[in-house]
Amino acid sequence: MKKWFALFAFSLLAAPASAAAPHPLEGRWKEGNLVIDIAPCGSVLCGTVVSASKKQQARAMKGSGTRLIGSRLITDIRPDGRANRYKAKVFVADRDMNASGQIDQLSNDRIKVKGCVALGILCKSEEWQRVSR
């Protein structure tokens with residue numbers, strides 16, 4: 001009986017640890033009528049559109065021919081070396097443009113997303129609220 005107990009105890013210790021905690025940016029984020037799901041895609045994070053207004057969808061289709069729902073608008077999200085700050089690549093579907101991006105995590109439930117084009121001269125930023133984890 002002691003052998004079985006020891007074997008059972010050893011198997012518990014040898015079992016893999018529970019899954020790692022999710023990244024603080026993982027979850028659904030909303031700005032206006034746009035909702036993006038930030039989740040792992042390979043070794044980095046990406047933001048995929050899960051909801052958008054009809055007007056936003058029409059502008060994206062007109063601007064770049066992109067079907068907005070299901071599109072990855074934010075890719076290659078990585079830490080940039082500063083606390084709570086990440087760099088990313090942003091696709092602006094209604095203008096058919098790629099931008100360098102920055103994401104600042106302001107709190108557990110707020111982020112500031114910034115995209116810049118033309119060597120960082122033209123930038124736009126928005127604050128997004130967490131919808132769910």
# chains A, B, ... in the order shown; residues from 1 in each chain; ligands from 1
call {"tool": "closest_atom_pairs", "arguments": {"of": "segment 55-115 of chain A", "to": "segment 128-131 of chain A", "cutoff": "6 Å", "atoms": "only C-alpha atoms", "output": "Markdown table"}}
result
| residue | atom | partner | partner_atom | distance |
| --- | --- | --- | --- | --- |
| A:Asp109 | CA | A:Arg130 | CA | 4.8 |
| A:Arg110 | CA | A:Gln129 | CA | 4.8 |
| A:Ile111 | CA | A:Trp128 | CA | 5.3 |
call {"tool": "residues_around", "arguments": {"residues": "segment 20-37 of chain A", "least_positions_apart": "4", "cutoff": "12 Å", "atoms": "only C-alpha atoms", "output": "PyMOL selection string"}}
result
chain A and resi 16+41+43-57+68-75+77-79+83-86+103-113+125-133
call {"tool": "atom_distance", "arguments": {"atom1": "atom CA of Asp80 of chain A", "atom2": "atom CA of Gln102 of chain A"}}
result
8.7 Å
call {"tool": "select_by_dssp", "arguments": {"residues": "segment 28-123 of chain A", "states": "strand (DSSP E)", "output": "PyMOL selection string"}}
result
chain A and resi 28-31+34-41+44-51+72-79+85-92+97-107+110-117+122-123
call {"tool": "closest_residue", "arguments": {"among": "A:Ala118, A:Ala60, A:Cys123, A:Ala39", "to": "Arg95 of chain A", "atoms": "only C-alpha atoms"}}
result
A:Ala60
call {"tool": "select_by_dssp", "arguments": {"residues": "segment 47-122 of chain A", "states": "helix (DSSP H, G or I)", "output": "number ranges by chain"}}
result
A: 54-64, 93-95
call {"tool": "residues_around", "arguments": {"residues": "Ser100 of chain A", "least_positions_apart": "4", "cutoff": "8 Å", "atoms": "only C-alpha atoms", "output": "JSON, numbers by chain"}}
result
{"A": [87, 88, 89, 90, 115, 116, 117, 120]}
call {"tool": "write_last_selection", "arguments": {"atoms": "N, CA and C atoms", "output": "PDB file, in the first residue's frame"}}
result
ATOM      1  N   LYS A  87       4.900  47.141 -28.531  1.00  0.00           N
ATOM      2  CA  LYS A  87       4.912  47.618 -29.915  1.00  0.00           C
ATOM      3  C   LYS A  87       4.110  46.620 -30.737  1.00  0.00           C
ATOM      4  N   ALA A  88       3.618  47.074 -31.855  1.00  0.00           N
ATOM      5  CA  ALA A  88       2.774  46.226 -32.696  1.00  0.00           C
ATOM      6  C   ALA A  88       2.749  46.776 -34.110  1.00  0.00           C
ATOM      7  N   LYS A  89       2.144  46.002 -34.991  1.00  0.00           N
ATOM      8  CA  LYS A  89       1.867  46.456 -36.353  1.00  0.00           C
ATOM      9  C   LYS A  89       0.360  46.600 -36.456  1.00  0.00           C
ATOM     10  N   VAL A  90      -0.076  47.702 -37.041  1.00  0.00           N
ATOM     11  CA  VAL A  90      -1.505  48.008 -37.124  1.00  0.00           C
ATOM     12  C   VAL A  90      -1.899  48.177 -38.586  1.00  0.00           C
ATOM     13  N   GLY A 115      -1.317  54.428 -33.416  1.00  0.00           N
ATOM     14  CA  GLY A 115      -0.757  54.031 -34.700  1.00  0.00           C
ATOM     15  C   GLY A 115      -0.166  55.237 -35.389  1.00  0.00           C
ATOM     16  N   CYS A 116       1.022  55.054 -35.998  1.00  0.00           N
ATOM     17  CA  CYS A 116       1.703  56.163 -36.672  1.00  0.00           C
ATOM     18  C   CYS A 116       2.144  55.748 -38.070  1.00  0.00           C
ATOM     19  N   VAL A 117       2.001  56.663 -39.024  1.00  0.00           N
ATOM     20  CA  VAL A 117       2.475  56.470 -40.393  1.00  0.00           C
ATOM     21  C   VAL A 117       3.398  57.627 -40.743  1.00  0.00           C
ATOM     22  N   GLY A 120       6.283  58.292 -38.359  1.00  0.00           N
ATOM     23  CA  GLY A 120       5.848  58.725 -37.038  1.00  0.00           C
ATOM     24  C   GLY A 120       5.325  60.142 -36.968  1.00  0.00           C
TER      25      GLY A 120
END
